[in-house]
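Chemist: File work_32.csv follows (CSV, C-alpha atoms):
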```csv
chain,number,residue,atom,x,y,z
U,956,MET,CA,14.2,-18.2,9.7
U,957,ILE,CA,11.6,-15.4,10.0
U,958,ILE,CA,10.3,-15.8,6.4
U,959,ASP,CA,10.8,-18.5,3.8
U,960,LEU,CA,9.1,-18.1,0.5
U,961,ALA,CA,9.2,-20.1,-2.7
U,962,ILE,CA,6.0,-19.3,-4.6
U,963,GLN,CA,4.9,-19.5,-8.2
U,964,ARG,CA,1.6,-18.2,-9.6
U,965,LYS,CA,0.6,-17.6,-13.3
U,966,LEU,CA,-1.9,-14.9,-14.0
U,967,LEU,CA,-3.7,-13.9,-17.2
U,968,SER,CA,-5.0,-10.3,-17.7
U,969,ASN,CA,-6.1,-8.8,-21.1
U,970,GLN,CA,-4.3,-11.6,-22.9
U,971,ARG,CA,-1.1,-10.8,-21.0
U,972,GLU,CA,0.5,-13.6,-19.0
U,973,PHE,CA,2.4,-12.7,-15.8
U,974,LEU,CA,4.4,-15.2,-13.9
U,975,LEU,CA,5.1,-14.5,-10.2
U,976,ASP,CA,8.2,-16.5,-9.2
U,977,ILE,CA,9.5,-15.4,-5.9
U,978,SER,CA,12.2,-17.1,-3.7
U,979,LEU,CA,13.1,-15.4,-0.5
U,980,GLN,CA,14.6,-16.6,2.8
U,981,SER,CA,15.5,-14.1,5.5
U,982,ASN,CA,16.0,-13.6,9.2
U,983,ALA,CA,15.6,-9.8,8.9
U,984,SER,CA,12.8,-8.5,11.1
U,985,ARG,CA,12.2,-5.6,8.6
U,986,ILE,CA,12.0,-6.4,4.9
U,987,ALA,CA,11.2,-4.1,2.0
U,988,LEU,CA,9.9,-5.3,-1.4
U,989,LEU,CA,11.0,-2.5,-3.7
U,990,GLY,CA,9.9,-2.1,-7.3
U,991,PRO,CA,7.7,-0.3,-9.8
U,992,SER,CA,4.0,-0.7,-10.2
U,993,GLY,CA,3.1,-4.1,-11.7
U,994,SER,CA,6.3,-5.7,-10.7
U,995,GLY,CA,4.7,-8.3,-8.4
U,996,LYS,CA,5.2,-6.7,-4.9
U,997,THR,CA,1.5,-6.6,-4.0
U,998,LEU,CA,0.9,-10.1,-5.3
U,999,THR,CA,3.7,-11.4,-3.2
U,1000,VAL,CA,2.3,-9.9,0.0
U,1001,GLN,CA,-1.3,-11.0,-0.9
U,1002,ALA,CA,0.1,-14.6,-1.1
U,1003,ILE,CA,1.7,-14.2,2.3
U,1004,ALA,CA,-1.5,-12.8,3.7
U,1005,GLY,CA,-3.6,-15.6,2.3
U,1006,LEU,CA,-5.5,-13.5,-0.2
U,1007,LEU,CA,-3.9,-15.2,-3.2
U,1008,ARG,CA,-3.2,-18.9,-3.5
U,1009,PRO,CA,0.0,-19.8,-5.3
U,1010,ASP,CA,0.1,-22.6,-7.9
U,1011,ALA,CA,3.2,-24.1,-6.4
U,1012,GLY,CA,5.8,-23.6,-3.6
U,1013,HIS,CA,5.6,-22.8,0.1
U,1014,ILE,CA,5.2,-20.0,2.5
U,1015,ARG,CA,6.6,-20.2,6.1
U,1016,VAL,CA,6.6,-17.4,8.6
U,1017,LYS,CA,8.5,-17.8,11.9
U,1018,GLY,CA,8.5,-21.6,11.5
U,1019,ILE,CA,4.8,-21.9,10.8
U,1020,THR,CA,3.7,-23.2,7.4
U,1021,PHE,CA,1.0,-21.0,5.8
U,1022,PHE,CA,1.1,-22.7,2.4
U,1023,ASP,CA,2.7,-25.8,1.0
U,1024,ALA,CA,1.5,-27.1,-2.4
U,1025,GLN,CA,3.1,-30.5,-2.0
U,1026,GLN,CA,1.5,-31.1,1.4
U,1027,SER,CA,-1.8,-29.5,0.5
U,1028,VAL,CA,-1.5,-26.9,3.3
U,1029,PHE,CA,-3.3,-23.6,2.9
U,1030,LEU,CA,-4.2,-21.6,6.0
U,1031,SER,CA,-6.9,-19.0,5.7
U,1032,ALA,CA,-6.1,-15.3,6.1
U,1033,GLN,CA,-7.8,-15.4,9.5
U,1034,GLN,CA,-5.7,-18.4,10.6
U,1035,ARG,CA,-2.4,-16.6,9.7
U,1036,GLN,CA,-3.1,-13.8,12.2
U,1037,LEU,CA,-1.2,-11.2,10.1
U,1038,ALA,CA,-2.0,-7.4,10.0
U,1039,TYR,CA,-2.3,-6.0,6.5
U,1040,LEU,CA,-2.2,-2.2,6.2
U,1041,LEU,CA,-3.5,-1.1,2.8
U,1042,GLN,CA,-2.4,2.0,1.0
U,1043,ASP,CA,-5.8,3.7,1.5
U,1044,TYR,CA,-5.9,2.5,5.1
U,1045,GLY,CA,-9.2,0.6,4.6
U,1046,LEU,CA,-11.1,2.6,7.2
U,1047,PHE,CA,-14.9,2.2,7.2
U,1048,PRO,CA,-16.3,5.7,6.4
U,1049,HIS,CA,-19.6,5.1,8.3
U,1050,LEU,CA,-17.8,4.0,11.5
U,1051,THR,CA,-16.2,6.2,14.2
U,1052,VAL,CA,-12.5,5.9,15.0
U,1053,THR,CA,-13.4,3.8,18.1
U,1054,GLN,CA,-15.5,1.4,15.9
U,1055,ASN,CA,-12.8,1.2,13.2
U,1056,ILE,CA,-10.2,0.2,15.8
U,1057,GLY,CA,-12.4,-2.3,17.5
U,1058,PHE,CA,-14.0,-3.8,14.4
U,1059,GLY,CA,-11.8,-6.9,14.3
U,1060,LEU,CA,-11.8,-7.5,18.0
U,1061,THR,CA,-15.4,-8.4,18.8
U,1062,LYS,CA,-17.4,-9.7,15.9
U,1063,GLY,CA,-20.4,-7.5,15.1
U,1064,TYR,CA,-20.2,-5.5,18.3
U,1065,PHE,CA,-18.6,-2.4,17.0
U,1066,ASN,CA,-20.8,-2.1,13.9
U,1067,TRP,CA,-23.8,-0.7,15.6
U,1068,CYS,CA,-23.0,0.7,19.0
U,1069,ARG,CA,-21.3,4.1,18.8
U,1070,LYS,CA,-20.4,4.6,22.5
U,1071,VAL,CA,-18.3,1.6,23.4
U,1072,SER,CA,-15.1,1.1,25.4
U,1073,LEU,CA,-12.1,-0.4,23.7
U,1074,PRO,CA,-10.3,-3.2,25.5
U,1075,ASP,CA,-6.8,-2.6,27.0
U,1076,VAL,CA,-5.1,-4.2,24.1
U,1077,ALA,CA,-6.5,-1.5,21.8
U,1078,MET,CA,-6.3,1.4,24.2
U,1079,ARG,CA,-2.5,0.7,24.4
U,1080,TRP,CA,-2.3,1.9,20.8
U,1081,VAL,CA,-4.9,4.7,21.1
U,1082,GLU,CA,-2.6,6.2,23.8
U,1083,ALA,CA,0.6,5.4,21.9
U,1084,PHE,CA,-0.7,7.2,18.7
U,1085,GLU,CA,-2.5,10.0,20.6
U,1086,LEU,CA,-5.9,9.2,19.2
U,1087,GLY,CA,-7.9,9.8,22.3
U,1088,ALA,CA,-9.3,13.2,21.2
U,1089,ILE,CA,-10.7,11.8,17.9
U,1090,LEU,CA,-12.3,8.5,19.1
U,1091,GLN,CA,-15.8,9.7,18.2
U,1092,SER,CA,-14.8,11.3,14.9
U,1093,TYR,CA,-15.4,9.7,11.4
U,1094,PRO,CA,-12.6,9.1,8.9
U,1095,ASP,CA,-13.6,12.1,6.7
U,1096,GLN,CA,-13.2,14.4,9.8
U,1097,ILE,CA,-9.6,13.5,10.5
U,1098,SER,CA,-6.3,14.2,8.7
U,1099,GLY,CA,-4.3,11.8,6.6
U,1100,GLY,CA,-1.7,11.2,9.3
U,1101,GLN,CA,-4.5,10.5,11.8
U,1102,LYS,CA,-6.1,8.0,9.4
U,1103,GLN,CA,-2.8,6.1,9.2
U,1104,ARG,CA,-2.4,6.0,13.0
U,1105,VAL,CA,-6.0,4.7,13.3
U,1106,ALA,CA,-5.3,2.0,10.7
U,1107,LEU,CA,-2.1,1.0,12.5
U,1108,ALA,CA,-3.9,1.0,15.9
U,1109,ARG,CA,-6.6,-1.3,14.4
U,1110,ALA,CA,-4.0,-3.6,12.9
U,1111,LEU,CA,-1.8,-3.8,16.0
U,1112,SER,CA,-4.8,-4.3,18.4
U,1113,THR,CA,-5.2,-7.9,17.0
U,1114,SER,CA,-1.7,-8.8,18.3
U,1115,PRO,CA,-0.5,-10.0,14.8
U,1116,SER,CA,2.5,-12.2,14.2
U,1117,MET,CA,3.6,-10.0,11.3
U,1118,LEU,CA,2.7,-6.5,9.9
U,1119,LEU,CA,2.3,-6.1,6.1
U,1120,LEU,CA,2.6,-2.5,4.9
U,1121,ASP,CA,1.4,-1.8,1.4
U,1122,GLU,CA,2.8,1.7,0.3
U,1123,PRO,CA,1.8,3.2,3.7
U,1124,LEU,CA,3.2,6.6,2.9
U,1125,ALA,CA,2.4,7.0,-0.8
U,1126,ALA,CA,-0.7,9.1,-0.4
U,1127,LEU,CA,1.0,11.7,1.9
U,1128,ASP,CA,2.5,15.0,1.0
U,1129,THR,CA,6.2,15.5,1.3
U,1130,ASN,CA,6.3,17.0,4.8
U,1131,LEU,CA,3.8,14.6,6.3
U,1132,ARG,CA,5.5,11.7,4.5
U,1133,GLN,CA,8.9,12.4,6.3
U,1134,LYS,CA,7.1,12.8,9.6
U,1135,MET,CA,5.2,9.6,9.3
U,1136,ARG,CA,8.3,7.8,8.0
U,1137,ASP,CA,10.1,8.8,11.2
U,1138,GLU,CA,7.2,7.7,13.3
U,1139,LEU,CA,6.9,4.4,11.6
U,1140,ALA,CA,10.6,3.8,12.0
U,1141,ALA,CA,10.4,4.6,15.7
U,1142,LEU,CA,7.4,2.3,16.1
U,1143,GLN,CA,9.2,-0.6,14.4
U,1144,GLN,CA,12.0,-0.2,17.1
U,1145,GLN,CA,9.4,-0.6,19.8
U,1146,LEU,CA,7.5,-3.6,18.4
U,1147,ASP,CA,8.6,-7.2,18.5
U,1148,ILE,CA,6.7,-7.8,15.2
U,1149,PRO,CA,8.4,-8.5,11.9
U,1150,THR,CA,7.3,-6.2,9.1
U,1151,ILE,CA,7.2,-6.5,5.3
U,1152,LEU,CA,7.0,-3.2,3.5
U,1153,ILE,CA,5.9,-2.7,-0.1
U,1154,THR,CA,7.2,0.4,-1.7
U,1155,HIS,CA,8.4,2.0,-4.9
U,1156,ASP,CA,10.4,4.7,-2.9
U,1157,LEU,CA,14.0,3.9,-2.1
U,1158,ASP,CA,14.0,6.4,0.8
U,1159,ASP,CA,11.1,4.6,2.4
U,1160,ALA,CA,12.8,1.2,2.0
U,1161,VAL,CA,16.1,2.5,3.5
U,1162,ALA,CA,14.3,4.1,6.5
U,1163,LEU,CA,11.9,1.2,7.2
U,1164,ALA,CA,13.8,-2.0,6.3
U,1165,ASP,CA,16.9,-3.9,7.3
U,1166,GLN,CA,16.9,-5.9,4.0
U,1167,ILE,CA,15.7,-4.6,0.7
U,1168,TYR,CA,14.6,-7.0,-2.1
U,1169,GLN,CA,14.3,-5.5,-5.6
U,1170,ILE,CA,11.4,-7.0,-7.6
U,1171,ASP,CA,11.0,-6.7,-11.3
U,1172,ASN,CA,8.6,-8.6,-13.6
U,1173,GLY,CA,7.6,-11.1,-11.0
U,1174,LYS,CA,11.1,-12.0,-9.8
U,1175,ILE,CA,13.6,-10.8,-7.2
U,1176,VAL,CA,16.5,-9.4,-9.2
U,1177,SER,CA,18.7,-8.2,-6.3
U,1178,ASP,CA,18.8,-7.9,-2.5
U,1179,ARG,CA,21.0,-5.9,-0.1
U,1180,PRO,CA,21.1,-4.5,3.4
U,1181,SER,CA,19.5,-1.1,3.7
U,1182,CYS,CA,22.7,0.2,5.4
U,1183,PRO,CA,25.7,-1.4,3.7
```
Could you show the structure in this file as C-alpha cells?
Modeler:
Amino acid sequence: MIIDLAIQRKLLSNQREFLLDISLQSNASRIALLGPSGSGKTLTVQAIAGLLRPDAGHIRVKGITFFDAQQSVFLSAQQRQLAYLLQDYGLFPHLTVTQNIGFGLTKGYFNWCRKVSLPDVAMRWVEAFELGAILQSYPDQISGGQKQRVALARALSTSPSMLLLDEPLAALDTNLRQKMRDELAALQQQLDIPTILITHDLDDAVALADQIYQIDNGKIVSDRPSCP
C-alpha cells in the first residue's frame, strides 16, 4: 500500500467548526485530491507532510508510519522526507536560483555564498529542467514557468519519498498551464516517486493522476480512476 490514511481533525475558525475526516487507501502512484477551496484538500496534505497533527487516526506512506494516535507516533516534517511544492513555489526572493535549489541540501551554506557549486544530485535536475542559464538570477528576474522548474528542482534534489503538489498550475496563464501540465506529466513518468496533487481543476487531475478523490466539506465523497 503506497498511502493509507485515516485521519480526523476538528478546527474552529470565526465560530465555524470544520471536521476533517479523511479515509483513503491506495496503491496508485499518482493521486489527485479534487475539490473546491475550503473542502479540506490542503489540510489533508498538510497532515501528510507533518505540518498539521490530526486528533485521531493514522498516516502511513509506503509502509512507514508517519502518525498513529493510538501508538503516540508523530514523525516531524523533516523525518518524513517528503517534498511539498506550494502554489506560490516558496522561492526566497533574496536568494539566487542556485541558492534556492541548494537551500535544503547543506544547512546554512547557500544562504550567504552566491558563487557555489551544486552537488550532482541537484545538477541532475538543473540539467533536466534546463536551468543552467539562470542559476545566478533571482526569482523576480525569471518567468513563472522557470520559477516552477526551480521549485521542482529544489524539491527533487532532496531525494524525497513522495512529492506533494499544492495547486502547482493555478497561477499560470492558459497557454503556459497546458505546457507545464504536459511537462509535469512527462516528469511523473520518469520519476519513481509517488505524487499527491491538490487541485480544483478536473483537467489537471485527469492529466496528472491515476486515481482521483473528490473531497467536499472535509470528507471524500467519491473516487475513480482518471481514465475509466
Chemist: Using only C-alpha atoms, which protein or nucleic acid residues come within 7 Å of region 987-998 of chain U? Drop anything in the same chain fewer than 2 positions from it, and give the result as a list of chain:residue names.
Modeler: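 The residues satisfying every condition are U:Leu975, U:Arg985, U:Val1000, U:Gln1001, U:Ala1002, U:Ile1151, U:Leu1152, U:Ile1153, U:Thr1154, U:His1155, U:Ala1160, U:Ala1164, U:Gln1166, U:Ile1167, U:Tyr1168, U:Gln1169, U:Ile1170, U:Asp1171, U:Asn1172, U:Gly1173.
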Chemist: Enter the distance from CA of Pro1123 (chain U) to CA of Gln1091 (chain U), in Å, rounded to one decimal.
Modeler: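 Rounded to one decimal, the two atoms are 23.7 Å apart.
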Chemist: To one decimal in Å, tell me the separation between CA of Tyr1039 (chain U) and CA of Leu1120 (chain U).
Modeler: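 CA of Leu1120 (chain U) lies at a distance of 6.2 Å from CA of Tyr1039 (chain U).
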Chemist: Please report the interatomic distance between CA of Pro1149 (chain U) and CA of Met1117 (chain U) in Å with one decimal.
Modeler: 5.1 Å
Chemist: I'd like the contact shell of Ala1108 (chain U) - 12 Å cut-off, all atoms listed in the file, skipping same-chain residues fewer than 2 positions apart - returned as a PyMOL selection string.
Modeler: chain U and resi 1038-1040+1044+1046+1052-1060+1073+1076-1087+1090+1101-1106+1110-1115+1118+1142
Chemist: Hey, what's within 7 Å of region 1014-1023 of chain U if we count all atoms listed in the file and toss same-chain stuff fewer than 6 positions away? As a list in words, please?
Modeler: Met956, Ile957, Ile958, Asp959, Leu960, Ala961, Ile1003, Phe1029, Leu1030 and Arg1035 of chain U
Chemist: Taking all atoms listed in the file into account, which of U:Leu1119, U:Ile1097, U:Ile962, U:Ala1004 comes nearest Gln980 (chain U)?
Modeler: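 Closest residue, counting all atoms listed in the file: U:Ile962.
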Chemist: Which of these, U:Pro1094, U:Asp1128, U:Lys965, U:Ala1032, has the shortest distance to Gly1045 (chain U) once you count only C-alpha atoms?
Modeler: U:Pro1094
Chemist: Pick from U:Leu1157, U:Ala1088, U:Asp1137, U:Asp1075: nearest to Glu1122 (chain U), with only C-alpha atoms counted?
Modeler: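 Looking at the shortest contact to Glu1122 (chain U), the residue is U:Leu1157.
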Chemist: Please write region 1073-1166 of chain U of the preceding block to a file containing C-alpha atoms, as a tab-separated table (two decimals), in the first residue's frame?
Modeler:
```tsv
chain	number	residue	atom	x	y	z
U	1073	LEU	CA	25.56	22.48	-6.60
U	1074	PRO	CA	26.14	18.78	-5.89
U	1075	ASP	CA	25.44	16.18	-8.58
U	1076	VAL	CA	22.06	15.26	-7.08
U	1077	ALA	CA	20.89	18.85	-7.70
U	1078	MET	CA	22.67	19.35	-11.03
U	1079	ARG	CA	20.72	16.39	-12.38
U	1080	TRP	CA	17.55	18.45	-12.08
U	1081	VAL	CA	19.19	21.70	-13.21
U	1082	GLU	CA	20.07	19.95	-16.46
U	1083	ALA	CA	16.72	18.15	-16.75
U	1084	PHE	CA	14.80	21.42	-16.35
U	1085	GLU	CA	17.25	23.48	-18.46
U	1086	LEU	CA	18.01	25.93	-15.65
U	1087	GLY	CA	21.73	26.38	-16.32
U	1088	ALA	CA	21.37	29.80	-17.94
U	1089	ILE	CA	19.51	31.33	-14.97
U	1090	LEU	CA	21.45	29.93	-11.99
U	1091	GLN	CA	22.66	33.38	-10.93
U	1092	SER	CA	19.28	35.06	-11.46
U	1093	TYR	CA	16.82	35.99	-8.71
U	1094	PRO	CA	13.17	34.88	-8.66
U	1095	ASP	CA	11.87	38.28	-9.80
U	1096	GLN	CA	14.09	38.02	-12.88
U	1097	ILE	CA	12.67	34.75	-14.22
U	1098	SER	CA	9.34	33.64	-15.68
U	1099	GLY	CA	6.51	31.79	-13.95
U	1100	GLY	CA	7.39	28.57	-15.73
U	1101	GLN	CA	11.04	28.91	-14.71
U	1102	LYS	CA	10.02	29.53	-11.09
U	1103	GLN	CA	8.06	26.31	-11.11
U	1104	ARG	CA	11.02	24.38	-12.51
U	1105	VAL	CA	13.32	25.90	-9.88
U	1106	ALA	CA	10.90	24.89	-7.12
U	1107	LEU	CA	10.67	21.36	-8.53
U	1108	ALA	CA	14.46	21.11	-8.81
U	1109	ARG	CA	14.79	22.19	-5.17
U	1110	ALA	CA	12.16	19.68	-4.05
U	1111	LEU	CA	13.55	16.75	-6.03
U	1112	SER	CA	17.17	17.44	-5.06
U	1113	THR	CA	16.43	16.20	-1.54
U	1114	SER	CA	15.54	12.74	-2.96
U	1115	PRO	CA	12.07	12.70	-1.35
U	1116	SER	CA	9.97	9.59	-0.81
U	1117	MET	CA	6.85	11.41	-2.05
U	1118	LEU	CA	6.07	14.64	-3.90
U	1119	LEU	CA	3.15	16.78	-2.69
U	1120	LEU	CA	1.87	19.31	-5.24
U	1121	ASP	CA	-0.43	22.08	-3.99
U	1122	GLU	CA	-2.22	23.66	-7.00
U	1123	PRO	CA	1.08	23.81	-8.96
U	1124	LEU	CA	-0.56	25.20	-12.11
U	1125	ALA	CA	-3.16	27.57	-10.65
U	1126	ALA	CA	-1.13	30.76	-11.07
U	1127	LEU	CA	-0.24	30.17	-14.74
U	1128	ASP	CA	-2.00	31.56	-17.79
U	1129	THR	CA	-3.84	29.18	-20.12
U	1130	ASN	CA	-1.02	28.56	-22.62
U	1131	LEU	CA	1.70	28.11	-20.01
U	1132	ARG	CA	-0.64	26.00	-17.88
U	1133	GLN	CA	-1.08	23.45	-20.69
U	1134	LYS	CA	2.67	23.40	-21.38
U	1135	MET	CA	3.59	22.89	-17.73
U	1136	ARG	CA	0.84	20.29	-17.33
U	1137	ASP	CA	2.41	18.30	-20.15
U	1138	GLU	CA	5.88	18.76	-18.65
U	1139	LEU	CA	4.73	17.64	-15.22
U	1140	ALA	CA	3.01	14.58	-16.69
U	1141	ALA	CA	6.20	13.68	-18.57
U	1142	LEU	CA	8.25	14.19	-15.41
U	1143	GLN	CA	5.97	11.89	-13.42
U	1144	GLN	CA	6.61	9.14	-15.96
U	1145	GLN	CA	10.38	9.49	-15.43
U	1146	LEU	CA	10.31	9.56	-11.64
U	1147	ASP	CA	9.94	6.64	-9.29
U	1148	ILE	CA	8.32	8.92	-6.73
U	1149	PRO	CA	4.63	8.78	-5.75
U	1150	THR	CA	2.82	12.11	-6.06
U	1151	ILE	CA	-0.26	13.61	-4.45
U	1152	LEU	CA	-1.78	16.54	-6.31
U	1153	ILE	CA	-4.16	19.10	-4.82
U	1154	THR	CA	-6.32	20.79	-7.45
U	1155	HIS	CA	-9.74	22.27	-8.15
U	1156	ASP	CA	-9.24	21.70	-11.90
U	1157	LEU	CA	-10.53	18.41	-13.32
U	1158	ASP	CA	-8.26	18.66	-16.38
U	1159	ASP	CA	-5.20	18.87	-14.12
U	1160	ALA	CA	-6.42	15.89	-12.12
U	1161	VAL	CA	-7.02	13.76	-15.22
U	1162	ALA	CA	-3.61	14.63	-16.72
U	1163	LEU	CA	-1.56	14.26	-13.54
U	1164	ALA	CA	-3.20	11.45	-11.56
U	1165	ASP	CA	-4.13	7.80	-11.91
U	1166	GLN	CA	-6.74	7.94	-9.16
```
